[in-house]
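Notes follow once the structure below has been shown.
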Amino acid sequence: MSEKTIKPYLEQLAKLDFKNMYNNDFLHTWDKTTDELKAMYLVADALRNLRERNISTRIFDSGLAVSNFRDNSTRTRFSFASGTNLLGLQLQDLDESKSQIAHGETVRETATMISFMADVIGIRDDKFIGEGDAYMKEVAESVEQSWRDGILDHRPTLVSLQSDSDHPTQSSADMLYLINEFGGLDNLKGKKVAVTWAYSPSYGKPLSCPQSLIMLLTRFGMNVTLAHPEGYDLMPELVKQAGVYAKESGATFTQAHTMEEAFEGADIVIPKSWAPYAAMEQRTKLYAAGDSEGIDALEKELLAQNATHMDWHCTPELMAKTANGMDTIYMHPLPADIEGVSCEHGEVANEVFDLHRDGLYKEASYKPYAVAAMIFLQKAKDPIAMLEELEQRGRSRWLEA
């Protein structure tokens with residue numbers, strides 16, 4: 001961070017209306033107003049500024065952050081641990097296999113039992129269409145009810161660590177990366193972004209990453225092209241809403257069926273695989289019915305379908321069509337399917353990935369701060385005063401020799 005004080009961030013925060021974030025949850029970016037999202041980016045950058053100047057950002061002296069990962073995770077798992085620790089919370093992971101959930105414990109009971117001294121609950125539930133959002137909603141409502149009934153002396157904040165529809169911590173980290181790369185949020189207006197499908201040798205990748213991007217980038221005036229082969233549609237209501245956001249911000253949202261069209265003149269490219277929406281709906285029904293044979297048949301069908309689109313991969317030749325050639329910003333939430341490294345054929349050629357490796361790591365580095373900012377705004381009644389106090393207190397995060 002070049003700034004020696006967080007004052008510029010606080011001055012911008014003072015112009016925004018984000019009071020409704022206090023004592024609330026963060027489940028989708030589209031649940032938040034534009035002012036609230038801007039506030040989150042500013043707080044994230046302010047927290048990063050303080051930490052990089054060796055100033056403690058602990059606003060909790062005690063308390064738990066509970067994580068519940070119902071799908072595998074590396075970056076988001078450690079980002080949640082880092083972001084909550086940054087604020088002074090101790091992490092406790094809920095391992096459902098070691099809980100009483102298998103013995104019939106209800107969602108409401110589990111939600112209340114883990115919340116007695118927990119200030120935040122983070123959940124990843126992204127495998128099945130309609131299930132992840134529904135589960136998080138039920139947990140949030142259960143915690144709210146227990147708080148209102150006086151069982152809990154506080155209301156824990158729920159943060160989505162990826163659902164079947166949205167991945168707010170990832171897309172927020174992506175936005176923070178772009179804001180800092182281009183020197184400010186306003187500088188993103190008019191930038192062309194290619195959000196494209198890319199081939200993967202696996203079939204069940206969630207739709208939430210591309211959906212999160214098209215719903216967020218269009219809100220801030222970026223010209224987004226969504227490209228995928230026929231049949232690899234995203235949730236139609238979210239695609240429609242992305243078009244509405246683009247119109248409201250004076251941007252464009254277009255769809256294409258070739259990577260070449262999407263990459264042409266792009267300032268930023270984000271090629272990543274996802275599963276067809278219709279197929280994910282079908283898979284959800286098969287799992288609900290316990291139809292293992294049907295699941296196996298669907299997987300074989302989808303892998304065969306993917307294999308007909310192996311030419312959908314990010315190559316130096318495709319990058320040459322972008323605004324700045326191989327130097328154009330390439331983004332990915334990671335891990336990427338890298339041709340010749342992690343797989344024989346995949347989303348991105350090794351030459352492209354290796355050139356952009358440092359940028360990808362920088363992109364990922366913003367996620368702990370996005371997590372921390374989401375929690376900060378929902379726990380600090382006066383975030384500006386709290387940030388000012390942290391800076392004035394100037395307590396060292398670690399002692400320097």
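Each chain in the structure tokens gets a letter, A, B and so on, in the order shown; residues start at 1 in every chain, and ligands are counted from 1 in the order they appear.
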
Those in stretch 282-395 of chain A with alpha helix (DSSP H) from DSSP, as a PyMOL selection string: chain A and resi 282-289+292-307+316-319+350-355+357-365+367-379+383-393

Backbone-only DSSP, strand (DSSP E) members of stretch 30-99 of chain A, as an MDAnalysis selection string: chainID A and resid 64:69 90:93

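Shortest atom-to-atom contact with A:Ala173 among A:Lys285, A:Lys7, A:His332, A:Arg393: A:His332, counting only C-alpha atoms.
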
Near-A:Thr76 list (8 Å; only C-alpha atoms; drop same-chain fewer than 6 positions) as a PDB file with C-alpha atoms, in the first residue's frame:
```pdb
ATOM      1  CA  LEU A 161     -18.303 -18.890   1.347  1.00  0.00           C
ATOM      2  CA  THR A 169     -15.973 -13.622  -1.275  1.00  0.00           C
ATOM      3  CA  GLN A 170     -14.332 -14.652  -4.578  1.00  0.00           C
ATOM      4  CA  LYS A 367      -9.879 -12.674  -0.353  1.00  0.00           C
TER       5      LYS A 367
END
```

Å distance separating atom CA of A:Arg48 from atom CA of A:Ser73, one decimal place: 23.1 Å

Contacts of A:Ser62 at 12 Å (only C-alpha atoms; same-chain gap of 2+ positions) as an MDAnalysis selection string: chainID A and resid 58:60 64:65 84:85 87:91 117:119
